[in-house]
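Below you'll find the structure, written out as structure tokens, and then a few comments.
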Amino acid sequence: MSRLDALFIHAPRFDGTRREVMVMPLGVPALANLLARDGRTVEILHLGIEPEVDPSFSIARAIKELDPRLALVPLHFNPQTRAAIDAARWVRQAAPGTPIVLGGLTATVFARDLASLPFVDAVVRGDAEEPLRRLARVILDGEGSFADVPNLVWRDATGLHQNEARWALDHETAGGLEHGNLRLLRHREAYVARALYADFSEGADGSAGYPFAAYLNAGRGCTADCAYCGGSRSAQLLTSARTGVLLYPIEKLVNDVRDAVAHGAKTLRTCFDPPEARAHVGRWLDAIRAEGITLRAIYDFWLPAPRAFIDDVARTFTAGSVAVYSPDCGSEAVRRRLRGYAYSNDQLLRAIAESESAGLSVHCFFGAGLPTETLADVDETARLIERVQRETGAGISVTPMFLDPGNAIFRDPERYGVRLVRRALKDFYEERGTPGGPGYETEHFTESEILAACSRLLAAAGLPGLGPSRR
Ligand code: B12
Ligand code: SF4
């Protein structure tokens with residue numbers, strides 16, 4: 001059997017009872033399709049789906065059978081740190097001669113530490129479309145060297161090298177990407193049919209997640225600077241060469257939806273809503289309606305939108321579509337300190353009412369023990385939740401705010417009165433701290449107190465408290 005050119009290996013977090021980070025990074029199918037378009041043989045192996053389809057699945061056997069010439073392991077979401085690093089180690093054991101390359105947001109933040117591991121050869125920082133094509137030429141065609149690949153951190157016998165991180169996805173390359181096409185994923189039917197991501201709190205409407213979902217965005221980047229977000233404007237300066245937002249061409253976006261529907265998608269889960277993008281997203285919605293595509297949507301509003309835009313979302317998708325808002329807390333002062341696109345409680349209530357009257361269901365996310373928050377602030381959140389429940393039909397979720405690497409608080413914890421529990425790669429690998437905890441403490445809350453405060457808010461909302469590993 002001939003060798004596979006490139007194998008992506010997605011490793012979800014597995015805590016013994018449930019798998020998390022089952023949704024691959026949005027970019028992975030597109031990267032795989034891009035390499036395939038260059039004539040490479042490519043597959044995506046999903047280490048969460050494989051054992052569900054075939055209980056006798058063994059990663060060592062799969063690697064030996066596929067015998068890839070290049071192994072690509074996403075480390076995008078920090079909860080998958082241990083799973084991704086262990087996967088890389090297993091690949092090295094099963095195929096000692098195969099170069100192993102990591103990429104994604106968390107990999108970018110810890111690129112040098114990861115590239116120092118004996119079983120990792122290189123890490124792509126930031127956007128990877130062009131870097132990966134160049135890397136494939138080096139490894140598969142023997143053309144050029146690692147030193148020519150933008151955004152690459154790599155290791156050879158002489159030590160660690162860090163190339164300039166200057167490449168970010170451009171409009172032209174974006175036009176040729178296929179984010180909705182899963183043809184290179186093994187067992188894609190099982191992937192699509194499974195409820196992959198249960199983002200709403202246990203007991204809330206929709207908390208079991210949504211099967212047959214497509215995860216697609218109209219672009220990437222953000223213009224806001226939420227202090228806790230690893231994809232914020234300032235975090236992106238660290239994690240990619242992008243400034244501002246990049247909007248994908250409408251034709252490409254329509255193709256994404258067509259591909260997703262062809263794979264069986266019934267729900268569109270989209271989370272890309274900077275206000276600067278809304279006119280463009282509106283054109284995407286027009287095109288979806290013009291195509292006569294029937295989908296339910298879960299739409300994250302990053303801040304309240306004008307009524308006409310809410311109406312556009314509502315009339316594009318079927319009944320039962322959900323508008324998601326994340327006010328985070330009841331205190332407007334805390335919200336202003338932490339959120340880039342802040343808004344008042346009255347604006348939130350108005351946005352919920354408008355969304356509901358347009359025919360959307362609404363879901364609101366809150367947290368507790370947020371940086372700079374006091375006990376009195378948490379009481380204010382309880383009062384806002386009570387008001388939302390009294391005045392609207394919105395569902396409520398309360399989760400701790402996990403401190404992801406790369407964001408403003410992570411970079412400067414003292415400024416926010418925070419002590420980081422997880423700071424180094426090793427801390428994320430070992431999941432240091434209270435199980436299920438947010439990875440930080442504040443002047444007012446320990447990790448356990450943050451979890452307890454979240455459970456108290458959940459109880460006030462009539463929902464069960466946090467389970468041991470819920471995140
Ligand atoms: C859309 C989005 C979602 C969507 C879709 C996520 C997905 N599967 O990609 C949904 C709503 C499902 C979601 C869920 C979660 N999200 Co989210 N999400 C975002 C958001 C808003 C945009 C992401 C985006 O635009 N990606 C596009 C680009 C940047 O990524 P990409 O194309 O997938 O990948 C490129 C590179 O990273 C790289 N790359 C990626 N993988 C690989 C692999 C290899 C081998 C290589 C070489 C390169 C490479 O190349 C790609 C192409 O250029 C960001 C915030 C932001 N503004 O960025 C948060 C963000 C990514 N999410 C985050 C988190 C933590 C989560 C959750 C874990 C939250 C939770 N506790 O449940 C879950 C995980 C769900 C899952 N995977 O099962 C964090 C990640 C921080 C971190 N490093 O850990 C972010 C940054 C927000 C934050 N809180 O800071 N999210
Ligand atoms: S609005 Fe805030 S949380 Fe959402 S992507 Fe932008 S910076 Fe991150």
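Following the order of the structure tokens, chains are lettered A, B, ..., residues in each are numbered from 1, and ligands are numbered from 1.
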Residues at most 6 Å from ligand 1, using only C-alpha atoms and all ligand atoms? Could they come as a ChimeraX atom specification? /A:20-28,72-74,76-78,101-106,124,126-129,197,199,215,220-222,229-232,271-272,404-405,471
Keeping only C-alpha atoms, write the selected residues as a PDB file, in the first residue's frame.
ATOM      1  CA  GLU A  20     -14.675  17.345  25.016  1.00  0.00           C
ATOM      2  CA  VAL A  21     -13.318  19.453  22.181  1.00  0.00           C
ATOM      3  CA  MET A  22     -14.946  17.093  19.725  1.00  0.00           C
ATOM      4  CA  VAL A  23     -15.362  19.876  17.162  1.00  0.00           C
ATOM      5  CA  MET A  24     -12.178  20.136  15.144  1.00  0.00           C
ATOM      6  CA  PRO A  25     -10.726  23.616  14.647  1.00  0.00           C
ATOM      7  CA  LEU A  26     -12.767  25.222  11.843  1.00  0.00           C
ATOM      8  CA  GLY A  27      -9.625  25.476   9.742  1.00  0.00           C
ATOM      9  CA  VAL A  28      -8.649  21.798   9.768  1.00  0.00           C
ATOM     10  CA  LEU A  72      -0.284  17.142  11.652  1.00  0.00           C
ATOM     11  CA  VAL A  73      -1.724  17.501  15.149  1.00  0.00           C
ATOM     12  CA  PRO A  74      -4.034  20.428  16.044  1.00  0.00           C
ATOM     13  CA  HIS A  76      -6.040  24.774  19.184  1.00  0.00           C
ATOM     14  CA  PHE A  77      -8.124  24.622  22.385  1.00  0.00           C
ATOM     15  CA  ASN A  78      -6.221  24.476  25.666  1.00  0.00           C
ATOM     16  CA  VAL A 101       3.950  19.245  13.183  1.00  0.00           C
ATOM     17  CA  LEU A 102       1.562  20.997  15.567  1.00  0.00           C
ATOM     18  CA  GLY A 103      -0.572  24.093  15.011  1.00  0.00           C
ATOM     19  CA  GLY A 104      -3.547  26.056  16.352  1.00  0.00           C
ATOM     20  CA  LEU A 105      -4.033  28.814  18.955  1.00  0.00           C
ATOM     21  CA  THR A 106      -2.636  27.079  22.034  1.00  0.00           C
ATOM     22  CA  VAL A 124       3.132  26.525  12.768  1.00  0.00           C
ATOM     23  CA  GLY A 126      -1.005  31.500  13.557  1.00  0.00           C
ATOM     24  CA  ASP A 127      -2.667  30.985  10.186  1.00  0.00           C
ATOM     25  CA  ALA A 128      -1.315  27.905   8.470  1.00  0.00           C
ATOM     26  CA  GLU A 129      -2.686  27.704   4.911  1.00  0.00           C
ATOM     27  CA  TYR A 197     -20.591  20.360  21.469  1.00  0.00           C
ATOM     28  CA  ASP A 199     -22.351  24.454  25.205  1.00  0.00           C
ATOM     29  CA  TYR A 215     -19.567  24.804  12.286  1.00  0.00           C
ATOM     30  CA  ARG A 220     -11.984  35.323  11.126  1.00  0.00           C
ATOM     31  CA  GLY A 221     -10.561  37.791  13.610  1.00  0.00           C
ATOM     32  CA  CYS A 222     -12.126  40.302  15.974  1.00  0.00           C
ATOM     33  CA  CYS A 229     -10.322  36.091  24.956  1.00  0.00           C
ATOM     34  CA  GLY A 230      -7.420  34.425  23.177  1.00  0.00           C
ATOM     35  CA  GLY A 231      -8.846  35.534  19.823  1.00  0.00           C
ATOM     36  CA  SER A 232      -9.240  39.230  20.694  1.00  0.00           C
ATOM     37  CA  CYS A 271     -19.775  32.391  16.032  1.00  0.00           C
ATOM     38  CA  PHE A 272     -18.362  35.344  14.114  1.00  0.00           C
ATOM     39  CA  ASP A 404      -7.285  30.549  28.013  1.00  0.00           C
ATOM     40  CA  PRO A 405      -3.684  31.307  27.071  1.00  0.00           C
ATOM     41  CA  ARG A 471     -16.413  22.902  31.167  1.00  0.00           C
TER      42      ARG A 471
END
Need to verify the contact set: A:Leu285, 10 Å, only C-alpha atoms, exclusion of same-chain residues closer than 6 positions in sequence. Can you return it as a PyMOL selection string? chain A and resi 250+253-254+279+291+309+312-317
How would the residues just chosen look if you wrote them out with N, CA and C atoms as a CSV table (one decimal), in the first residue's frame?
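Saved the output as out.csv:
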chain,number,residue,atom,x,y,z
A,250,ILE,N,-18.4,35.8,-0.5
A,250,ILE,CA,-19.8,35.2,-0.4
A,250,ILE,C,-19.9,33.9,-1.1
A,253,LEU,N,-18.6,31.2,0.9
A,253,LEU,CA,-19.5,30.9,2.1
A,253,LEU,C,-20.7,30.1,1.7
A,254,VAL,N,-21.2,30.4,0.5
A,254,VAL,CA,-22.4,29.6,0.0
A,254,VAL,C,-22.0,28.2,-0.3
A,279,ALA,N,-22.7,43.7,7.7
A,279,ALA,CA,-23.2,43.9,6.4
A,279,ALA,C,-22.9,42.7,5.5
A,291,GLU,N,-30.7,30.6,-2.2
A,291,GLU,CA,-30.4,29.2,-2.5
A,291,GLU,C,-31.6,28.2,-2.1
A,309,PHE,N,-31.1,43.6,11.4
A,309,PHE,CA,-30.1,42.4,11.3
A,309,PHE,C,-30.7,41.2,12.1
A,312,ASP,N,-33.2,39.7,9.9
A,312,ASP,CA,-32.5,39.0,8.8
A,312,ASP,C,-32.1,37.5,9.2
A,313,VAL,N,-31.5,37.5,10.4
A,313,VAL,CA,-31.1,36.1,11.0
A,313,VAL,C,-32.4,35.3,11.1
A,314,ALA,N,-33.4,35.9,11.7
A,314,ALA,CA,-34.6,35.1,12.0
A,314,ALA,C,-35.3,34.6,10.7
A,315,ARG,N,-35.3,35.4,9.7
A,315,ARG,CA,-36.1,34.9,8.5
A,315,ARG,C,-35.2,34.0,7.6
A,316,THR,N,-33.9,33.9,7.9
A,316,THR,CA,-33.1,33.1,7.0
A,316,THR,C,-33.2,31.6,7.5
A,317,PHE,N,-33.4,31.5,8.9
A,317,PHE,CA,-33.3,30.1,9.4
A,317,PHE,C,-34.7,29.7,10.0
Give as a list in words the residues surrounding ligand 2 up to a distance of 9 Å, considering only C-alpha atoms and all ligand atoms.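 These are the residues that qualify: Gly221, Cys222, Thr223, Ala224, Asp225, Cys226, Ala227, Tyr228, Cys229, Gly230, Gly231, Ser232, Arg233, Ser234, Ala235, Cys271, Phe272, Asp273, Pro274, Asp300, Phe301, Trp302, Leu303, Ser326, Leu338, Arg339, Gly340, Tyr341 and Asn407 of chain A.
When only C-alpha atoms are used to compute distances to A:Ala115, the closest of the residues A:Leu140, A:Ala297, A:Ile450, A:Ala88 turns out to be A:Ala88.
Among A:Ala62, A:Ala262, A:Ile409, A:Leu425, the residue with the shortest atom-to-atom distance to A:Ser116, counting only C-alpha atoms, is A:Leu425.
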Give the strand (DSSP E or B) residues of stretch 197-403 of chain A, as assigned by DSSP on the backbone, as number ranges by chain. A: 213-215, 219-220, 246-247, 267-270, 296-300, 322-328, 361-366, 395-398
Mind listing the helix (DSSP H, G or I) residues of stretch 173-261 of chain A, per DSSP on the backbone, as an MDAnalysis selection string? chainID A and resid 173:175 188:193 233:239 250:261
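Nearest-residue note for A:Phe445: choosing from A:Glu391, A:Glu373, A:Glu431, A:Asp67, the minimum distance belongs to A:Glu373, counting only C-alpha atoms.
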In Å to one decimal, how far is atom CA of A:His363 from atom CA of A:Asn181?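 Taking atom CA of A:Asn181 as the start and atom CA of A:His363 as the end point, the length is 28.8 Å.
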Distance query A:Tyr440 at most 8 Å, only C-alpha atoms, self and fewer than 5 positions along chain excluded, as number ranges by chain: A: 403, 418-422, 446-447
Selection file, C-alpha atoms, as a compact mmCIF listing (two decimals), in the first residue's frame:
# COMPACT_ATOMS: atom_id res chain seq x y z
CA LEU A 403 -8.57 31.47 31.45
CA VAL A 418 -5.53 37.64 39.14
CA ARG A 419 -3.19 34.80 40.13
CA LEU A 420 -2.77 32.34 37.31
CA VAL A 421 -3.08 28.70 38.33
CA ARG A 422 -2.27 27.53 34.81
CA THR A 446 -10.35 30.91 44.95
CA GLU A 447 -10.94 28.40 42.15
